[in-house]
>>> print(open('entry15.pdb').read())   # PDB, C-alpha atoms
ATOM      1  CA  MET O  23     -20.278  15.426 -18.472
ATOM      2  CA  THR O  24     -21.586  14.742 -21.939
ATOM      3  CA  ASN O  25     -18.524  15.189 -24.096
ATOM      4  CA  GLU O  26     -16.268  12.573 -22.641
ATOM      5  CA  ALA O  27     -14.126  10.858 -25.192
ATOM      6  CA  HIS O  28     -14.863   7.279 -26.070
ATOM      7  CA  ARG O  29     -11.319   6.453 -26.790
ATOM      8  CA  ASP O  30     -11.251   2.731 -26.965
ATOM      9  CA  GLY O  31     -14.598   2.407 -28.665
ATOM     10  CA  ASP O  32     -15.956  -0.209 -26.321
ATOM     11  CA  GLY O  33     -18.622   2.045 -24.990
ATOM     12  CA  ASP O  34     -16.950   2.768 -21.687
ATOM     13  CA  ALA O  35     -16.546   6.409 -20.937
ATOM     14  CA  THR O  36     -12.934   7.176 -20.261
ATOM     15  CA  PHE O  37     -11.811   8.984 -17.161
ATOM     16  CA  ARG O  38      -9.177  11.275 -18.515
ATOM     17  CA  VAL O  39     -10.723  14.550 -17.573
ATOM     18  CA  ARG O  40     -10.556  14.442 -13.810
ATOM     19  CA  PRO O  41      -9.083  11.144 -12.787
ATOM     20  CA  TYR O  42      -8.915  12.025  -9.107
ATOM     21  CA  ALA O  43     -12.666  12.579  -9.085
ATOM     22  CA  LEU O  44     -12.736   8.774  -8.964
ATOM     23  CA  THR O  45     -10.848   8.795  -5.713
ATOM     24  CA  GLY O  46     -12.830  11.498  -3.978
ATOM     25  CA  GLY O  47      -9.950  13.854  -4.608
ATOM     26  CA  ARG O  48      -7.419  11.706  -2.783
ATOM     27  CA  THR O  49      -4.041  11.648  -4.429
ATOM     28  CA  ARG O  50      -2.207   9.597  -1.823
ATOM     29  CA  ALA O  51      -2.586   5.868  -1.819
ATOM     30  CA  ASN O  52      -2.949   3.900   1.385
ATOM     31  CA  LEU O  53      -0.458   1.339   0.215
ATOM     32  CA  ASP O  54       2.979   1.717  -1.270
ATOM     33  CA  LEU O  55       2.365  -0.112  -4.518
ATOM     34  CA  PRO O  56       5.059  -0.094  -7.192
ATOM     35  CA  LEU O  57       3.919   0.088 -10.820
ATOM     36  CA  GLU O  58       4.648  -3.587 -11.372
ATOM     37  CA  THR O  59       2.673  -4.762  -8.328
ATOM     38  CA  LEU O  60       0.582  -7.749  -9.336
ATOM     39  CA  VAL O  61      -2.936  -8.131  -8.041
ATOM     40  CA  LEU O  62      -5.473 -10.925  -8.195
ATOM     41  CA  CYS O  63      -9.150 -10.767  -7.330
ATOM     42  CA  SER O  64      -9.791 -12.629  -4.092
ATOM     43  CA  ALA O  65     -12.807 -14.730  -3.177
ATOM     44  CA  ARG O  66     -14.011 -11.791  -1.130
ATOM     45  CA  GLY O  67     -13.522  -9.556  -4.153
ATOM     46  CA  GLN O  68     -15.631 -11.869  -6.298
ATOM     47  CA  ALA O  69     -18.338 -11.860  -3.663
ATOM     48  CA  VAL O  70     -18.670  -8.072  -3.709
ATOM     49  CA  LEU O  71     -18.523  -7.558  -7.490
ATOM     50  CA  ASN O  72     -22.074  -6.267  -7.604
ATOM     51  CA  GLN O  73     -21.751  -4.089  -4.544
ATOM     52  CA  VAL O  74     -18.761  -1.960  -5.440
ATOM     53  CA  GLY O  75     -18.499   1.069  -7.693
ATOM     54  CA  LEU O  76     -18.088   0.901 -11.433
ATOM     55  CA  GLU O  77     -14.345   1.474 -11.464
ATOM     56  CA  GLN O  78     -13.756  -0.907  -8.586
ATOM     57  CA  ARG O  79     -15.763  -3.530 -10.425
ATOM     58  CA  ARG O  80     -13.739  -3.021 -13.598
ATOM     59  CA  ILE O  81     -10.534  -3.430 -11.630
ATOM     60  CA  LEU O  82     -11.742  -6.601  -9.926
ATOM     61  CA  LEU O  83     -12.785  -8.040 -13.287
ATOM     62  CA  LEU O  84      -9.419  -7.140 -14.846
ATOM     63  CA  ALA O  85      -7.761  -8.926 -11.940
ATOM     64  CA  THR O  86      -9.398 -12.269 -12.676
ATOM     65  CA  GLU O  87      -5.872 -13.193 -13.704
ATOM     66  CA  ALA O  88      -2.792 -11.627 -12.173
ATOM     67  CA  ILE O  89      -2.365  -8.134 -13.577
ATOM     68  CA  SER O  90      -0.125  -5.217 -12.679
ATOM     69  CA  LEU O  91      -1.007  -1.770 -11.433
ATOM     70  CA  ALA O  92       0.504  -0.381 -14.648
ATOM     71  CA  GLU O  93      -1.730  -2.568 -16.817
ATOM     72  CA  ILE O  94      -4.830  -1.612 -14.851
ATOM     73  CA  SER O  95      -3.912   2.057 -15.306
ATOM     74  CA  ALA O  96      -3.541   1.519 -19.049
ATOM     75  CA  HIS O  97      -6.773  -0.460 -19.443
ATOM     76  CA  LEU O  98      -8.839   1.981 -17.394
ATOM     77  CA  ASP O  99      -7.104   4.926 -19.040
ATOM     78  CA  VAL O 100      -6.635   6.434 -15.595
ATOM     79  CA  VAL O 101      -3.329   7.991 -14.557
ATOM     80  CA  VAL O 102      -1.057   5.901 -12.379
ATOM     81  CA  GLY O 103      -1.549   7.912  -9.212
ATOM     82  CA  ALA O 104      -5.342   7.661  -9.241
ATOM     83  CA  THR O 105      -5.195   3.988 -10.165
ATOM     84  CA  ARG O 106      -2.854   3.392  -7.240
ATOM     85  CA  VAL O 107      -5.386   4.916  -4.847
ATOM     86  CA  LEU O 108      -8.213   2.739  -6.176
ATOM     87  CA  VAL O 109      -6.156  -0.456  -6.225
ATOM     88  CA  GLY O 110      -4.669   0.302  -2.811
ATOM     89  CA  ASP O 111      -8.140   0.560  -1.323
ATOM     90  CA  LEU O 112      -9.174  -2.757  -2.864
ATOM     91  CA  VAL O 113      -6.048  -4.439  -1.492
ATOM     92  CA  ALA O 114      -6.598  -2.917   1.934
ATOM     93  CA  SER O 115     -10.197  -4.187   1.869
ATOM     94  CA  GLY O 116      -9.063  -7.691   1.029
ATOM     95  CA  PHE O 117     -10.811  -7.676  -2.346
ATOM     96  CA  LEU O 118      -7.500  -7.923  -4.186
ATOM     97  CA  GLU O 119      -4.502 -10.004  -3.237
ATOM     98  CA  SER O 120      -1.235  -8.362  -4.137
ATOM     99  CA  ARG O 121       2.392  -9.137  -4.649
ATOM    100  CA  SER O 122       5.170  -6.629  -5.067
ATOM    101  CA  GLY O 123       8.839  -7.068  -5.596
ATOM    102  CA  SER O 124      11.134  -5.335  -3.194
ATOM    103  CA  TYR O 125      10.443  -1.649  -3.471
ATOM    104  CA  THR O 126      13.751  -0.520  -2.107
ATOM    105  CA  GLU O 127      16.350  -3.037  -3.157
ATOM    106  CA  GLN O 128      17.334  -4.656  -6.364
ATOM    107  CA  PRO O 129      16.261  -8.276  -6.664
ATOM    108  CA  ASP O 130      18.445 -10.761  -4.792
ATOM    109  CA  ILE O 131      20.712 -13.342  -6.395
ATOM    110  CA  GLN O 132      18.166 -16.117  -6.273
ATOM    111  CA  LEU O 133      15.520 -14.046  -8.035
ATOM    112  CA  LEU O 134      18.003 -12.779 -10.644
ATOM    113  CA  GLU O 135      18.999 -16.355 -11.404
ATOM    114  CA  ARG O 136      15.371 -17.307 -11.900
ATOM    115  CA  VAL O 137      14.902 -14.402 -14.309
ATOM    116  CA  LEU O 138      18.049 -15.411 -16.156
ATOM    117  CA  ASP O 139      16.873 -18.996 -16.504
ATOM    118  CA  GLY O 140      13.467 -17.788 -17.618
ATOM    119  CA  LEU O 141      14.909 -15.557 -20.332
ATOM    120  CA  LYS O 142      17.215 -18.312 -21.556
ATOM    121  CA  ALA O 143      14.227 -20.612 -21.915
ATOM    122  CA  LEU O 144      12.366 -18.157 -24.155
TER     123      LEU O 144
ATOM    124  CA  MET Z  10      15.894  19.916 -10.266
ATOM    125  CA  THR Z  11      13.098  19.941 -12.705
ATOM    126  CA  GLY Z  12      11.326  23.105 -11.677
ATOM    127  CA  TYR Z  13       8.454  21.028 -10.428
ATOM    128  CA  SER Z  14       8.670  20.790  -6.709
ATOM    129  CA  HIS Z  15       5.482  18.953  -6.032
ATOM    130  CA  MET Z  16       3.952  15.927  -7.599
ATOM    131  CA  THR Z  17       0.237  15.574  -7.480
ATOM    132  CA  ASP Z  18       0.520  12.125  -8.927
ATOM    133  CA  PRO Z  19       2.888  10.925  -6.267
ATOM    134  CA  PRO Z  20       5.334   8.252  -7.253
ATOM    135  CA  PHE Z  21       6.274   7.826  -3.612
ATOM    136  CA  PRO Z  22       3.344   7.031  -1.394
ATOM    137  CA  THR Z  23       4.613   7.455   2.104
ATOM    138  CA  SER Z  24       3.154   4.586   4.038
ATOM    139  CA  ALA Z  25       5.400   1.645   3.361
ATOM    140  CA  THR Z  26       3.501  -1.527   3.907
ATOM    141  CA  ALA Z  27       4.795  -5.039   3.853
ATOM    142  CA  HIS Z  28       2.607  -7.371   1.877
ATOM    143  CA  ALA Z  29       2.545 -10.988   2.786
ATOM    144  CA  PRO Z  30       3.482 -12.851  -0.400
ATOM    145  CA  ASN Z  31       0.628 -14.818  -1.834
ATOM    146  CA  PRO Z  32       1.906 -17.873  -3.673
ATOM    147  CA  LYS Z  33      -1.014 -17.704  -6.095
ATOM    148  CA  VAL Z  34       0.208 -14.353  -7.378
ATOM    149  CA  PRO Z  35       3.358 -14.407  -9.542
ATOM    150  CA  ILE Z  36       6.369 -12.335  -8.523
ATOM    151  CA  PRO Z  37       6.760  -9.158 -10.567
ATOM    152  CA  VAL Z  38      10.183  -7.974 -11.713
ATOM    153  CA  LYS Z  39      11.011  -5.068 -13.976
ATOM    154  CA  ILE Z  40      13.617  -3.680 -16.295
ATOM    155  CA  VAL Z  41      13.742  -0.056 -17.401
ATOM    156  CA  ILE Z  42      14.273   0.689 -21.093
ATOM    157  CA  ALA Z  43      15.718   4.168 -21.432
ATOM    158  CA  GLY Z  44      17.014   6.337 -24.215
ATOM    159  CA  GLY Z  45      16.296   9.419 -26.242
ATOM    160  CA  PHE Z  46      13.138  10.244 -28.135
ATOM    161  CA  ALA Z  47      12.300   7.845 -30.955
ATOM    162  CA  VAL Z  48      15.364   5.687 -30.402
ATOM    163  CA  GLY Z  49      13.264   2.542 -30.593
ATOM    164  CA  LYS Z  50      12.231   1.894 -26.978
ATOM    165  CA  THR Z  51       8.693   0.868 -27.825
ATOM    166  CA  THR Z  52       9.913  -1.236 -30.742
ATOM    167  CA  PHE Z  53      12.333  -2.951 -28.365
ATOM    168  CA  VAL Z  54       9.582  -3.627 -25.817
ATOM    169  CA  GLY Z  55       7.146  -4.755 -28.493
ATOM    170  CA  SER Z  56       9.602  -7.177 -30.066
ATOM    171  CA  ILE Z  57       9.483  -9.466 -27.036
ATOM    172  CA  SER Z  58       6.384  -8.519 -25.046
ATOM    173  CA  GLU Z  59       3.584 -11.080 -24.913
ATOM    174  CA  ILE Z  60       1.054  -8.239 -25.022
ATOM    175  CA  GLU Z  61       0.826  -5.290 -27.358
ATOM    176  CA  PRO Z  62       2.754  -2.564 -25.561
ATOM    177  CA  LEU Z  63       0.423  -0.562 -23.342
ATOM    178  CA  THR Z  64       0.696   3.049 -22.297
ATOM    179  CA  THR Z  65       0.268   4.417 -18.830
ATOM    180  CA  GLU Z  66       0.482   8.016 -17.770
ATOM    181  CA  ALA Z  67       1.624   9.889 -14.724
ATOM    182  CA  VAL Z  68       0.850  13.525 -14.081
ATOM    183  CA  MET Z  69       2.726  16.118 -12.156
ATOM    184  CA  THR Z  70       1.752  19.702 -11.607
ATOM    185  CA  ARG Z  71       3.393  22.711 -10.059
ATOM    186  CA  ALA Z  72       3.414  23.166  -6.316
ATOM    187  CA  SER Z  73       1.248  26.237  -6.499
ATOM    188  CA  GLU Z  74      -1.601  24.296  -7.999
ATOM    189  CA  GLY Z  75      -4.198  22.623  -5.895
ATOM    190  CA  VAL Z  76      -5.090  19.012  -6.253
ATOM    191  CA  ASP Z  77      -8.557  19.805  -7.466
ATOM    192  CA  ASP Z  78      -7.778  19.787 -11.135
ATOM    193  CA  MET Z  79      -5.653  17.070 -12.630
ATOM    194  CA  GLY Z  80      -7.042  17.899 -16.024
ATOM    195  CA  LEU Z  81      -5.051  16.627 -18.943
ATOM    196  CA  ALA Z  82      -6.771  18.916 -21.374
ATOM    197  CA  ALA Z  83      -4.593  20.644 -23.895
ATOM    198  CA  GLY Z  84      -3.459  24.019 -22.742
ATOM    199  CA  SER Z  85      -3.277  23.011 -19.102
ATOM    200  CA  LYS Z  86      -0.092  24.930 -18.618
ATOM    201  CA  SER Z  87       0.676  23.765 -15.120
ATOM    202  CA  SER Z  88       0.744  20.017 -15.578
ATOM    203  CA  THR Z  89       3.107  17.676 -17.305
ATOM    204  CA  THR Z  90       2.096  14.232 -18.368
ATOM    205  CA  VAL Z  91       4.634  11.497 -18.780
ATOM    206  CA  ALA Z  92       3.594   8.550 -20.870
ATOM    207  CA  MET Z  93       5.348   5.234 -20.527
ATOM    208  CA  ASP Z  94       5.022   2.337 -22.886
ATOM    209  CA  PHE Z  95       5.456  -1.047 -21.332
ATOM    210  CA  GLY Z  96       5.173  -4.733 -22.036
ATOM    211  CA  ARG Z  97       5.280  -7.983 -20.129
ATOM    212  CA  ILE Z  98       6.931 -11.376 -20.406
ATOM    213  CA  THR Z  99       5.790 -14.335 -18.359
ATOM    214  CA  LEU Z 100       8.776 -16.401 -17.269
ATOM    215  CA  GLY Z 101       9.471 -19.728 -15.664
ATOM    216  CA  ASN Z 102       6.511 -21.747 -14.604
ATOM    217  CA  SER Z 103       4.321 -18.646 -14.940
ATOM    218  CA  ASP Z 104       5.458 -17.752 -11.435
ATOM    219  CA  LEU Z 105       7.443 -14.732 -12.578
ATOM    220  CA  ILE Z 106       6.334 -11.790 -14.696
ATOM    221  CA  LEU Z 107       8.917  -9.439 -16.137
ATOM    222  CA  TYR Z 108       7.772  -5.934 -17.011
ATOM    223  CA  LEU Z 109       9.678  -3.751 -19.427
ATOM    224  CA  PHE Z 110       9.052  -0.050 -18.921
ATOM    225  CA  GLY Z 111      10.105   2.293 -21.685
ATOM    226  CA  THR Z 112      10.707   5.747 -20.278
ATOM    227  CA  PRO Z 113      11.375   9.132 -21.834
ATOM    228  CA  GLY Z 114      14.999  10.120 -21.551
ATOM    229  CA  GLN Z 115      14.684  13.799 -20.828
ATOM    230  CA  GLU Z 116      15.893  15.063 -17.491
ATOM    231  CA  ARG Z 117      12.573  16.675 -16.695
ATOM    232  CA  PHE Z 118      11.105  13.201 -16.404
ATOM    233  CA  HIS Z 119      13.506  12.055 -13.730
ATOM    234  CA  PHE Z 120      10.737  12.162 -11.152
ATOM    235  CA  MET Z 121       9.306   9.156 -12.944
ATOM    236  CA  TRP Z 122      12.623   7.346 -13.080
ATOM    237  CA  ASP Z 123      13.004   7.537  -9.320
ATOM    238  CA  GLU Z 124       9.987   5.331  -9.014
ATOM    239  CA  LEU Z 125      10.883   3.133 -11.941
ATOM    240  CA  VAL Z 126      14.351   2.185 -10.764
ATOM    241  CA  ARG Z 127      13.266   1.270  -7.259
ATOM    242  CA  GLY Z 128      13.371  -2.485  -7.124
ATOM    243  CA  ALA Z 129      14.308  -2.755 -10.800
ATOM    244  CA  ILE Z 130      16.798  -5.337 -12.037
ATOM    245  CA  GLY Z 131      18.435  -2.550 -13.984
ATOM    246  CA  ALA Z 132      18.204  -0.645 -17.232
ATOM    247  CA  VAL Z 133      18.906  -1.064 -20.913
ATOM    248  CA  VAL Z 134      19.995   2.253 -22.412
ATOM    249  CA  LEU Z 135      19.178   2.300 -26.113
ATOM    250  CA  VAL Z 136      21.503   4.436 -28.175
ATOM    251  CA  ASP Z 137      21.137   5.847 -31.662
ATOM    252  CA  THR Z 138      24.632   6.669 -32.843
ATOM    253  CA  GLY Z 139      23.229   9.476 -34.965
ATOM    254  CA  ARG Z 140      22.077  11.191 -31.781
ATOM    255  CA  LEU Z 141      24.491  10.062 -29.123
ATOM    256  CA  ALA Z 142      23.858  12.990 -26.809
ATOM    257  CA  ASP Z 143      20.233  11.944 -26.369
ATOM    258  CA  CYS Z 144      21.276   9.160 -24.020
ATOM    259  CA  PHE Z 145      23.547  11.260 -21.797
ATOM    260  CA  PRO Z 146      20.832  12.004 -19.203
ATOM    261  CA  ALA Z 147      19.987   8.318 -18.881
ATOM    262  CA  VAL Z 148      23.603   7.240 -18.547
ATOM    263  CA  ASP Z 149      24.311   9.970 -15.983
ATOM    264  CA  TYR Z 150      21.242   9.047 -14.006
ATOM    265  CA  PHE Z 151      21.951   5.315 -13.788
ATOM    266  CA  GLU Z 152      25.603   5.899 -12.933
ATOM    267  CA  GLN Z 153      24.711   8.275 -10.113
ATOM    268  CA  ARG Z 154      22.046   5.968  -8.720
ATOM    269  CA  ARG Z 155      24.286   2.907  -9.100
ATOM    270  CA  VAL Z 156      21.601   1.168 -11.113
ATOM    271  CA  PRO Z 157      23.029  -1.714 -13.159
ATOM    272  CA  PHE Z 158      22.746  -0.816 -16.819
ATOM    273  CA  VAL Z 159      23.934  -1.933 -20.227
ATOM    274  CA  VAL Z 160      24.240   0.126 -23.383
ATOM    275  CA  ALA Z 161      22.571  -1.274 -26.491
ATOM    276  CA  VAL Z 162      23.506   0.485 -29.707
ATOM    277  CA  ASN Z 163      20.514   0.148 -31.983
ATOM    278  CA  CYS Z 164      21.500  -0.739 -35.528
ATOM    279  CA  PHE Z 165      18.841   0.199 -37.968
ATOM    280  CA  HIS Z 166      18.789  -1.941 -41.080
ATOM    281  CA  GLY Z 167      21.704  -3.929 -39.749
ATOM    282  CA  ALA Z 168      24.152  -1.156 -40.530
ATOM    283  CA  VAL Z 169      26.965  -0.830 -38.025
ATOM    284  CA  LEU Z 170      27.891   2.801 -38.346
ATOM    285  CA  HIS Z 171      30.199   3.222 -35.414
ATOM    286  CA  PRO Z 172      32.536   0.803 -33.694
ATOM    287  CA  LEU Z 173      31.502   0.139 -30.113
ATOM    288  CA  GLU Z 174      34.738   1.407 -28.665
ATOM    289  CA  ALA Z 175      34.216   4.763 -30.330
ATOM    290  CA  VAL Z 176      30.733   4.941 -28.829
ATOM    291  CA  ARG Z 177      32.071   3.944 -25.414
ATOM    292  CA  GLU Z 178      34.665   6.660 -25.586
ATOM    293  CA  ALA Z 179      32.198   9.279 -26.783
ATOM    294  CA  LEU Z 180      29.823   8.435 -23.928
ATOM    295  CA  ALA Z 181      32.637   8.029 -21.377
ATOM    296  CA  ILE Z 182      31.155   4.702 -20.296
ATOM    297  CA  SER Z 183      33.124   2.706 -17.771
ATOM    298  CA  PRO Z 184      34.809  -0.415 -19.219
ATOM    299  CA  ASP Z 185      32.831  -2.730 -16.968
ATOM    300  CA  VAL Z 186      29.487  -1.623 -18.421
ATOM    301  CA  PRO Z 187      28.449  -4.091 -21.139
ATOM    302  CA  MET Z 188      27.947  -2.495 -24.535
ATOM    303  CA  PHE Z 189      26.753  -4.219 -27.674
ATOM    304  CA  HIS Z 190      24.905  -3.755 -30.935
ATOM    305  CA  THR Z 191      21.267  -4.688 -31.060
ATOM    306  CA  ASP Z 192      18.300  -4.572 -33.410
ATOM    307  CA  ALA Z 193      15.251  -3.442 -31.473
ATOM    308  CA  ARG Z 194      12.973  -5.094 -34.011
ATOM    309  CA  GLU Z 195      14.402  -8.563 -33.445
ATOM    310  CA  ARG Z 196      13.017 -10.653 -30.626
ATOM    311  CA  SER Z 197      16.190 -12.687 -30.250
ATOM    312  CA  ALA Z 198      18.374  -9.575 -30.143
ATOM    313  CA  THR Z 199      16.100  -8.042 -27.537
ATOM    314  CA  ARG Z 200      16.196 -11.224 -25.484
ATOM    315  CA  ASP Z 201      19.999 -11.235 -25.640
ATOM    316  CA  ALA Z 202      20.090  -7.602 -24.526
ATOM    317  CA  LEU Z 203      17.910  -8.442 -21.515
ATOM    318  CA  LEU Z 204      20.041 -11.507 -20.756
ATOM    319  CA  THR Z 205      23.188  -9.384 -20.810
ATOM    320  CA  LEU Z 206      21.627  -6.948 -18.367
ATOM    321  CA  VAL Z 207      20.472  -9.648 -15.956
ATOM    322  CA  GLN Z 208      23.903 -11.288 -16.062
ATOM    323  CA  HIS Z 209      25.526  -7.923 -15.403
ATOM    324  CA  ALA Z 210      23.169  -7.284 -12.481
ATOM    325  CA  LEU Z 211      23.996 -10.736 -11.105
ATOM    326  CA  VAL Z 212      27.742 -10.096 -11.287
ATOM    327  CA  ARG Z 213      27.335  -6.794  -9.498
ATOM    328  CA  THR Z 214      25.034  -8.228  -6.857
ATOM    329  CA  ARG Z 215      27.370 -11.151  -6.201
ATOM    330  CA  ALA Z 216      30.296  -8.761  -5.853
ATOM    331  CA  ARG Z 217      28.310  -6.605  -3.450
ATOM    332  CA  VAL Z 218      27.204  -9.394  -1.161
ATOM    333  CA  GLY Z 219      30.455 -11.321  -1.522
ATOM    334  CA  ALA Z 220      28.756 -14.431  -2.849
TER     335      ALA Z 220
END
>>> encode(input="entry15.pdb", output="structure tokens")
Amino acid sequence: MTNEAHRDGDGDATFRVRPYALTGGRTRANLDLPLETLVLCSARGQAVLNQVGLEQRRILLLATEAISLAEISAHLDVVVGATRVLVGDLVASGFLESRSGSYTEQPDIQLLERVLDGLKAL
Amino acid sequence: MTGYSHMTDPPFPTSATAHAPNPKVPIPVKIVIAGGFAVGKTTFVGSISEIEPLTTEAVMTRASEGVDDMGLAAGSKSSTTVAMDFGRITLGNSDLILYLFGTPGQERFHFMWDELVRGAIGAVVLVDTGRLADCFPAVDYFEQRRVPFVVAVNCFHGAVLHPLEAVREALAISPDVPMFHTDARERSATRDALLTLVQHALVRTRARVGA
């Protein structure tokens, strides 16, 4: 496609037109990753940087420091669902390490107290 | 219901998988910032976020559509895109990252809220007293889902136009829901709003577990 928008001006073509083309048409992720799931590139991920696809490589590079699924979606300019598929695959392959909060329950008392202390210290 | 019976950008992947916590990766927590259009959600998020607020999008299309075309092009009559602005705050010894997700208040976006509130600490409902009704869907939603929430009445230019009790009565908010004035532009006011929510969530959690 020749008319893709260059939205962020950094020379990377954006993927807005058919985001699920990036996932081979898959819209279901392998892993149940909430939006705030944090991922970090693993040693294995670093080792395969030059062997994975362009989008996978971008994700692994973004995850040099802990970064959330939501942030990756925003930086890639790919909708959440497609990003979740890509990130889920990288986690399942061991190229990303991940950490989610509880997906079903509100945080427990201990975690809430840590958040409270953290906010007070701001 | 929303009239959209199928989501092609599924907020609920089906295979629940337990992830072994990796101590190198901080723990993520989140708070939902809700309210009507242009009430100041992004301003609120931006006032305290350590990054410029980012935008992420989710897409849903009608059930009759295939999954072959998730096009976001204008005129794509069958799909709806929901944009969320969000920010982040690193807390503690950098072992905790709090995400603030601003979400559109309209009922047709509730499919997104279902995902957002799962695992959330709770919600801050931002209210513009000039357009009180705009926050009704958010208040109804959080009450029904028993999500801890607080009501922050945004005071533009420091003007307090309506006493809080009048707002509480107009919104039919239960007396145990914290309500206060805020200024979404002010970092300290935003921090206090978040603190009030976390304290409220703690009280409710302690009551629930009998601690």
>>> closest_residue(input="entry15.pdb", among="Z:Gly44, Z:Pro146, Z:Pro37, Z:Pro187", to="Val134 in chain Z", atoms="only C-alpha atoms")
Z:Gly44
>>> closest_atom_pairs(input="entry15.pdb", of="chain O", to="chain Z", cutoff="8 Å", atoms="only C-alpha atoms", output="CSV")
residue,atom,partner,partner_atom,distance
O:Arg38,CA,Z:Leu81,CA,6.8
O:Val39,CA,Z:Gly80,CA,5.2
O:Arg40,CA,Z:Gly80,CA,5.4
O:Pro41,CA,Z:Met79,CA,6.8
O:Tyr42,CA,Z:Met79,CA,7.0
O:Gly47,CA,Z:Asp77,CA,6.7
O:Thr49,CA,Z:Asp18,CA,6.4
O:Arg50,CA,Z:Pro22,CA,6.1
O:Ala51,CA,Z:Pro22,CA,6.1
O:Asn52,CA,Z:Ser24,CA,6.7
O:Leu53,CA,Z:Thr26,CA,6.1
O:Asp54,CA,Z:Ala25,CA,5.2
O:Leu55,CA,Z:Pro22,CA,7.9
O:Pro56,CA,Z:Glu124,CA,7.6
O:Leu57,CA,Z:Leu125,CA,7.7
O:Glu58,CA,Z:Pro37,CA,6.0
O:Thr59,CA,Z:Pro37,CA,6.4
O:Leu60,CA,Z:Pro37,CA,6.5
O:Val61,CA,Z:Val34,CA,7.0
O:Leu62,CA,Z:Val34,CA,6.7
O:Ala88,CA,Z:Val34,CA,6.3
O:Ala92,CA,Z:Thr65,CA,6.4
O:Glu93,CA,Z:Leu63,CA,7.2
O:Ser95,CA,Z:Thr65,CA,6.0
O:Ala96,CA,Z:Thr65,CA,4.8
O:Asp99,CA,Z:Thr65,CA,7.4
O:Val100,CA,Z:Glu66,CA,7.6
O:Val101,CA,Z:Glu66,CA,5.0
O:Val102,CA,Z:Ala67,CA,5.3
O:Gly103,CA,Z:Asp18,CA,4.7
O:Ala104,CA,Z:Asp18,CA,7.4
O:Glu119,CA,Z:Asn31,CA,7.2
O:Ser120,CA,Z:Val34,CA,7.0
O:Arg121,CA,Z:Pro30,CA,5.7
O:Ser122,CA,Z:Pro37,CA,6.3
O:Gly123,CA,Z:Pro37,CA,5.8
O:Ser124,CA,Z:Gly128,CA,5.3
O:Tyr125,CA,Z:Gly128,CA,4.8
O:Thr126,CA,Z:Gly128,CA,5.4
O:Glu127,CA,Z:Gly128,CA,5.0
O:Gln128,CA,Z:Gly128,CA,4.6
O:Pro129,CA,Z:Ile130,CA,6.1
O:Asp130,CA,Z:Thr214,CA,7.4
O:Ile131,CA,Z:Leu211,CA,6.3
O:Leu134,CA,Z:Leu211,CA,6.3
O:Glu135,CA,Z:Leu211,CA,7.5
O:Arg136,CA,Z:Gly101,CA,7.4
O:Val137,CA,Z:Leu100,CA,7.1
O:Leu138,CA,Z:Val207,CA,6.3
O:Asp139,CA,Z:Gly101,CA,7.5
O:Gly140,CA,Z:Gly101,CA,4.9
O:Leu141,CA,Z:Leu204,CA,6.6
O:Lys142,CA,Z:Leu204,CA,7.4
O:Ala143,CA,Z:Gly101,CA,7.9
O:Leu144,CA,Z:Leu100,CA,8.0
>>> resolve_selection(input="entry15.pdb", expression="the PyMOL selection byres ((chain Z and resi 140) around 12)", output="JSON, numbers by chain")
{"Z": [44, 45, 46, 47, 48, 135, 136, 137, 138, 139, 141, 142, 143, 144, 145, 162, 163, 171, 176, 179, 180]}
>>> write_last_selection(input="entry15.pdb", atoms="C-alpha atoms", output="PDB file, keeping the file's coordinate frame")
ATOM      1  CA  GLY Z  44      17.014   6.337 -24.215  1.00  0.00           C
ATOM      2  CA  GLY Z  45      16.296   9.419 -26.242  1.00  0.00           C
ATOM      3  CA  PHE Z  46      13.138  10.244 -28.135  1.00  0.00           C
ATOM      4  CA  ALA Z  47      12.300   7.845 -30.955  1.00  0.00           C
ATOM      5  CA  VAL Z  48      15.364   5.687 -30.402  1.00  0.00           C
ATOM      6  CA  LEU Z 135      19.178   2.300 -26.113  1.00  0.00           C
ATOM      7  CA  VAL Z 136      21.503   4.436 -28.175  1.00  0.00           C
ATOM      8  CA  ASP Z 137      21.137   5.847 -31.662  1.00  0.00           C
ATOM      9  CA  THR Z 138      24.632   6.669 -32.843  1.00  0.00           C
ATOM     10  CA  GLY Z 139      23.229   9.476 -34.965  1.00  0.00           C
ATOM     11  CA  LEU Z 141      24.491  10.062 -29.123  1.00  0.00           C
ATOM     12  CA  ALA Z 142      23.858  12.990 -26.809  1.00  0.00           C
ATOM     13  CA  ASP Z 143      20.233  11.944 -26.369  1.00  0.00           C
ATOM     14  CA  CYS Z 144      21.276   9.160 -24.020  1.00  0.00           C
ATOM     15  CA  PHE Z 145      23.547  11.260 -21.797  1.00  0.00           C
ATOM     16  CA  VAL Z 162      23.506   0.485 -29.707  1.00  0.00           C
ATOM     17  CA  ASN Z 163      20.514   0.148 -31.983  1.00  0.00           C
ATOM     18  CA  HIS Z 171      30.199   3.222 -35.414  1.00  0.00           C
ATOM     19  CA  VAL Z 176      30.733   4.941 -28.829  1.00  0.00           C
ATOM     20  CA  ALA Z 179      32.198   9.279 -26.783  1.00  0.00           C
ATOM     21  CA  LEU Z 180      29.823   8.435 -23.928  1.00  0.00           C
TER      22      LEU Z 180
END
>>> atom_distance(input="entry15.pdb", atom1="CA of Val41 in chain Z", atom2="CA of Met188 in chain Z")
16.1 Å
>>> atom_distance(input="entry15.pdb", atom1="CA of Thr86 in chain O", atom2="CA of Leu133 in chain O")
25.4 Å
>>> resolve_selection(input="entry15.pdb", expression="the PyMOL selection byres ((chain O and resi 112) around 10)", output="PyMOL selection string")
chain O and resi 61+63-64+67+74+78+81-82+106-111+113-120
>>> atom_distance(input="entry15.pdb", atom1="CA of Asp185 in chain Z", atom2="CA of Phe120 in chain Z")
27.3 Å
